[in-house]
Structures are given as C-alpha cells and as structure tokens.
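K.L.:
Structure in structure tokens, see below.
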Amino acid sequence: MNLAESTFLRACRRQPVPHPPVWYMRQAGRSLPEYLKVREGVPMLTACETPDLVVEITLQPVRRYGVDAAIFFSDIVVPLKAIGVDLDIKPGVGPVVAQPIRDAAALDALRPIEPDDVSYVTEAIRALVGELGGTPLIGFAGAPFTLGSYLIEGGPSRHHDRTKAMMYGEPRLWHDLMDRLAGIVLEHLRIQVRAGASAIQLFDSWVGAVAPDDYREFVLPHTRRIFDGLADLGVPRIHFGVGTGELLGLLGEAGADVVGVDWRVPLDEAARRVGPGKALQGNLDPAILMAPWEVVERKAREVLRRGEAAEGHVFNLGHGVLPGTDPDQLKRLTDLVHEA
Ligand code: 1CP
C-alpha cells in the first residue's frame, strides 16, 4: 500500500476515499491485554524512553484492529521530562510535577528542546516507519494550555483554577509560559515529522474549560505559532480538545487541517461551526463501547452518516478509549467502518 495515498492521509487532505479511515485515541494501552503484559513492572515514562517497547506498543493496536493509522506511543509530558522538568506519571493519577511553575523564576526550568534530548523518540519513529509500511504514523504533542495546566497545578486538575488565576491575573507571565511551551512543542513535533511521522495531532485536551473570547486572547496565538511553524513540512495537522463545542471554529482558525470533535456536537453541526476547508475527526462517545454491540452499531452508523457533511471524515472516538473497553468491540467497530 502506498503511504501517501492511504485513506487516512487522503481524508485529512479532504480527498475522496472508498471508506472513512479509522483510528482511536488511546488505541494503545490499558484496554489491551498484550499491552498490560509488556508493561508489567515497567514505569510509564521508562516505557516511553525505551524504543523497542515503544515500537511494540505502537504496533499492537494496528495488528489487532487493522486501524488505518498508528499513534506513536508516548505521553504529552515526555518532552518536558526530556528538558529536565522533575515529573512522573503516577499509575491511576497521571502526570505529577514536583515543582509547579507559578512565578517568573520557575520559567527557567523550560529551556528549548533539542533532538538529542529525545533521541529515543527519533529512534523509535524510524523503526516504526519501516515496520508500518503503508500505514501512516501520527506524531503528537500536548498544546501549551494543557501542558501549562499540569505544570501550574502540579498534576491533574478539575477546574484548572490556578491555571486560570495566572491567565487572568498575570497575563505577562502567562504569555511567557505559553511562549516557551509553544517553542518546545513546535520543535518536538518537527523532530517527530523529520523522523518519519506522516501527520501530527496537537492535544489541547483541557482547553474546553476556556471561553471563546479568552481562547482567542490567551491560547490561539500560541497554537497558531505551532501550526504555522509546521506548515513547511506538509503533513496534516490535527487539533483536538474535550468539551470544545463552542471553540470548534477557533480550533480551525488556529491553523488545524483536521478538527477533532468530542461526542457532544454531532459532526454535521461541527462541520457548520468549523466552516469550509477543514476535515473533521470523531466522534463516537467512548462510553458507548460499554453498551451491547447493537447500540454501538446504531450509534456508529449515525456518526458515519453525519460525518458525510464534512469535507473529509476520519472516524474516531470523541475522546480516548476507556480502560475497561472490550477489545472485541473495537475490532467489530473497525470492521464496520471499513465496510461502510
Ligand atoms: O501507567 C500507565 O499505563 C499510564 C497510563 C497512560 C498511558 C497509556 C498515560 C498517563 N499516558 C498514556 C499514553 C498516552 N498519553 C498516549 C499514547 C498512545 C495512544 O493514544 O494510544 C497519548 C496520545 C497520550 C496523550 C495524553 N496524556 C493526553 C492527551 C490525550 C487525552 O487523553 O486527552 C493527556 C491529557 C495526557 C496526560 C495523562 N497521561 C496519563 C494520564 C492518565 C493522563 C491524564 C491525566 C488527567 O486526567 O489529567
């Protein structure tokens, strides 16, 4: 199969495809028994820094489901750890930062990233591209707002209150922090594309907490810098966040080629909000996979039908695969999308 003509890359470019391509956010990981097996006794960040493991874990869902794209196995905090930020990923919790960033002096912890800092990423991607053949590999990073939230709060947060306190109360410090993060994220994505990733996804998972006017002022300029800085590489740029129904147009405006949609806005309505010249990705509620297959089938067909309103549609869930998901449901879902 020819990589450039793969259904995934064609759909991202809004070109005709025989069926919508499908992949799943968090397709590698906790729901797969073969993942749990290779991860036994290996801390998450150690796994991310071990190319053999990264290659194996990235390939597992491709083998099992026959999805149309692989997502690189890593985490959004990997580039931060690589430049020396003291953080860990705690099982059942997520990223935890030892010294949260809350003043100008703390910004010094965020130096620019260089390829040598993440040589294990380059090594794993080069190996993967060989293994994957015609299946595209998606590189990714966390967007400045979402990374900033972990750095400011010190860990996962429900209301992002300290984050917003800085955003509204110390706008200069906020923009300095976003600016440093944007530089790191841009270079980390460029490293992945130079190593062979065929597309990138920028996860701004928690930016749905921000109102549109504030998004435009405090977030969009930094996201735009990242997307503009990738333009010369010619790979599709996907942008996703949870609860971003009111921001969908702005996510496109920031420079994404493909706008990810969570399950709260149907794709035909999302297409209206995003406007012309963009493809959409989404948006089956990941919790639906816990229901009987008949329900999954009906809801998936509805997503496919509404996705026809988009200029290009990449089938996905509205957020990551939930840990308790039965892999057989995802296999059937993949087959259903391929037969559509
Ligand atoms: O010990 C473990 O197994 C930890 C679980 C785990 C895994 C498997 C974490 C901790 N991260 C990952 C991998 C991961 N993270 C991938 C890999 C590949 C795939 O998609 O198949 C990706 C793309 C991410 C990206 C990521 N990490 C995001 C953005 C995507 C999203 O889900 O919105 C976010 C927000 C994170 C932070 C993070 N890392 C881990 C957890 C549990 C969290 C979320 C914590 C929170 O709720 O704030």
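Labels used: A, B, ... for chains in the order of the structure tokens, numbers from 1 for residues in each chain, and numbers from 1 for ligands as shown.
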Neighbours of A:Arg224 within 8 Å (only C-alpha atoms; same-chain residues fewer than 4 positions away dropped), as a PyMOL selection string?

P.N.:
chain A and resi 220+228+254-255

K.L.:
Based on the selection just made, write C-alpha atoms of those residues as a compact mmCIF listing (two decimals), in the first residue's frame.

P.N.:
```txt
# COMPACT_ATOMS: atom_id res chain seq x y z
CA LEU A 220 -4.91 30.89 19.99
CA ASP A 228 2.34 27.86 11.25
CA ALA A 254 -5.62 28.44 14.81
CA GLY A 255 -4.35 26.52 11.78
```

K.L.:
Write out, as a tab-separated table, each residue of chain A that has an atom at most 8 Å from ligand 1, together with the closest pair of atoms and their distance in Å to one decimal, counting only C-alpha atoms and all ligand atoms, rows going by chain and rising number.

P.N.:
```
residue	atom	partner	partner_atom_place_in_ligand_line	distance
A:Tyr24	CA	ligand 1	20 (O)	7.1
A:Met25	CA	ligand 1	20 (O)	4.5
A:Arg26	CA	ligand 1	20 (O)	2.9
A:Gln27	CA	ligand 1	21 (O)	4.0
A:Ala28	CA	ligand 1	21 (O)	3.5
A:Gly29	CA	ligand 1	8 (C)	4.5
A:Arg30	CA	ligand 1	8 (C)	6.0
A:Leu36	CA	ligand 1	3 (O)	7.9
A:Arg39	CA	ligand 1	3 (O)	7.5
A:Pro43	CA	ligand 1	1 (O)	6.4
A:Met44	CA	ligand 1	1 (O)	4.7
A:Thr58	CA	ligand 1	21 (O)	7.1
A:Ile71	CA	ligand 1	19 (C)	5.7
A:Phe72	CA	ligand 1	18 (C)	5.9
A:Phe73	CA	ligand 1	18 (C)	4.3
A:Ser74	CA	ligand 1	17 (C)	5.1
A:Asp75	CA	ligand 1	15 (N)	4.0
A:Ile76	CA	ligand 1	27 (N)	4.9
A:Val77	CA	ligand 1	37 (C)	7.1
A:Ile89	CA	ligand 1	10 (C)	5.8
A:Lys90	CA	ligand 1	1 (O)	6.7
A:Pro91	CA	ligand 1	1 (O)	4.6
A:Gly92	CA	ligand 1	42 (C)	6.3
A:Val93	CA	ligand 1	42 (C)	5.6
A:Gly94	CA	ligand 1	41 (C)	3.8
A:Pro95	CA	ligand 1	39 (N)	5.6
A:Phe140	CA	ligand 1	23 (C)	6.7
A:Ala141	CA	ligand 1	25 (C)	7.4
A:Gly142	CA	ligand 1	29 (C)	6.3
A:Thr146	CA	ligand 1	35 (C)	7.0
A:Tyr150	CA	ligand 1	48 (O)	7.5
A:Gly155	CA	ligand 1	48 (O)	6.9
A:Pro156	CA	ligand 1	48 (O)	3.8
A:Ser157	CA	ligand 1	48 (O)	6.2
A:Phe203	CA	ligand 1	29 (C)	5.2
A:Asp204	CA	ligand 1	29 (C)	7.1
A:Ser205	CA	ligand 1	33 (O)	4.4
A:Trp206	CA	ligand 1	35 (C)	7.3
A:Gly241	CA	ligand 1	33 (O)	7.0
A:Val242	CA	ligand 1	33 (O)	7.1
A:His319	CA	ligand 1	32 (O)	6.4
A:Gly320	CA	ligand 1	32 (O)	5.2
```

K.L.:
With distances taken over only C-alpha atoms, which of A:Lys81, A:Lys37, A:Arg102, A:Arg273 is nearest to A:Met166?

P.N.:
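For A:Met166, the nearest of the given residues is A:Arg102.
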
K.L.:
Which residues are close to stretch 108-116 of chain A, i.e. within 9 Å by only C-alpha atoms, leaving aside same-chain residues fewer than 3 positions away? Reply as a ChimeraX atom specification.

P.N.:
/A:79-80,82-85,101,104-105,119-122,177,180-181,183-185,187-188,191

K.L.:
Which value, in Å to one decimal, gives the distance between atom CA of A:Arg10 and atom CA of A:Val321?

P.N.:
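Value for the atom CA of A:Arg10-atom CA of A:Val321 distance: 24.2 Å.
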
K.L.:
Taking the backbone alone, and naming residues the way the document does, which bits of stretch 78-188 of chain A are strand (DSSP E) by DSSP, as an mmCIF file with C-alpha atoms, in the first residue's frame?

P.N.:
```cif
data_model
loop_
_atom_site.group_PDB
_atom_site.id
_atom_site.type_symbol
_atom_site.label_atom_id
_atom_site.label_comp_id
_atom_site.auth_asym_id
_atom_site.auth_seq_id
_atom_site.Cartn_x
_atom_site.Cartn_y
_atom_site.Cartn_z
ATOM 1 C CA LEU A 87 7.857 14.985 36.872
ATOM 2 C CA ASP A 88 6.450 11.483 36.893
ATOM 3 C CA ILE A 89 3.371 9.674 35.635
ATOM 4 C CA LYS A 90 1.691 8.087 38.650
ATOM 5 C CA GLY A 94 -1.474 10.886 35.597
ATOM 6 C CA PRO A 95 1.352 13.416 35.340
ATOM 7 C CA VAL A 96 2.610 14.859 38.648
ATOM 8 C CA VAL A 97 5.095 17.770 38.688
ATOM 9 C CA LEU A 137 2.182 7.108 11.876
ATOM 10 C CA ILE A 138 0.707 10.038 13.811
ATOM 11 C CA GLY A 139 3.121 12.003 15.974
ATOM 12 C CA PHE A 140 1.687 14.135 18.750
ATOM 13 C CA ALA A 141 2.220 16.671 21.486
ATOM 14 C CA GLY A 142 0.202 18.401 24.168
#
```

K.L.:
Closest to A:Cys48 among A:Val265, A:Asp103, A:Ile125, A:Pro20, using only C-alpha atoms?

P.N.:
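When distances to A:Cys48 are compared using only C-alpha atoms, the smallest one comes from A:Ile125.
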
K.L.:
Can you tell me, as a PDB file with C-alpha atoms, in the first residue's frame, what residues are no more than 9 Å from A:Met178 when counting only C-alpha atoms, ignoring any on the same chain fewer than 3 positions away?

P.N.:
```pdb
ATOM      1  CA  PRO A 144       0.587  24.846  25.629  1.00  0.00           C
ATOM      2  CA  PHE A 145      -2.664  25.348  27.586  1.00  0.00           C
ATOM      3  CA  GLY A 148       0.622  24.573  31.224  1.00  0.00           C
ATOM      4  CA  LEU A 173       3.728  35.598  32.970  1.00  0.00           C
ATOM      5  CA  TRP A 174       1.041  33.513  31.275  1.00  0.00           C
ATOM      6  CA  HIS A 175       2.116  34.564  27.778  1.00  0.00           C
ATOM      7  CA  LEU A 181       5.869  25.825  25.772  1.00  0.00           C
ATOM      8  CA  ALA A 182       4.934  26.638  22.168  1.00  0.00           C
ATOM      9  CA  GLY A 183       8.630  26.645  21.219  1.00  0.00           C
ATOM     10  CA  PHE A 218      -4.708  33.709  25.736  1.00  0.00           C
ATOM     11  CA  VAL A 219      -4.408  30.493  23.725  1.00  0.00           C
ATOM     12  CA  HIS A 222       0.459  30.264  20.711  1.00  0.00           C
TER      13      HIS A 222
END
```

K.L.:
Leaving out A:Arg237 and any residue of its chain fewer than 6 positions from it, which residues lie within 9 Å of it when counting only C-alpha atoms, given as a list in words?

P.N.:
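Near neighbours after the sequence-gap exclusion: Cys12, Ala199, Ile200, Gln201, Leu202, Phe227, Leu230, Ala231, Gly255, Ala256, Asp257, Val258 and Val259 of chain A.
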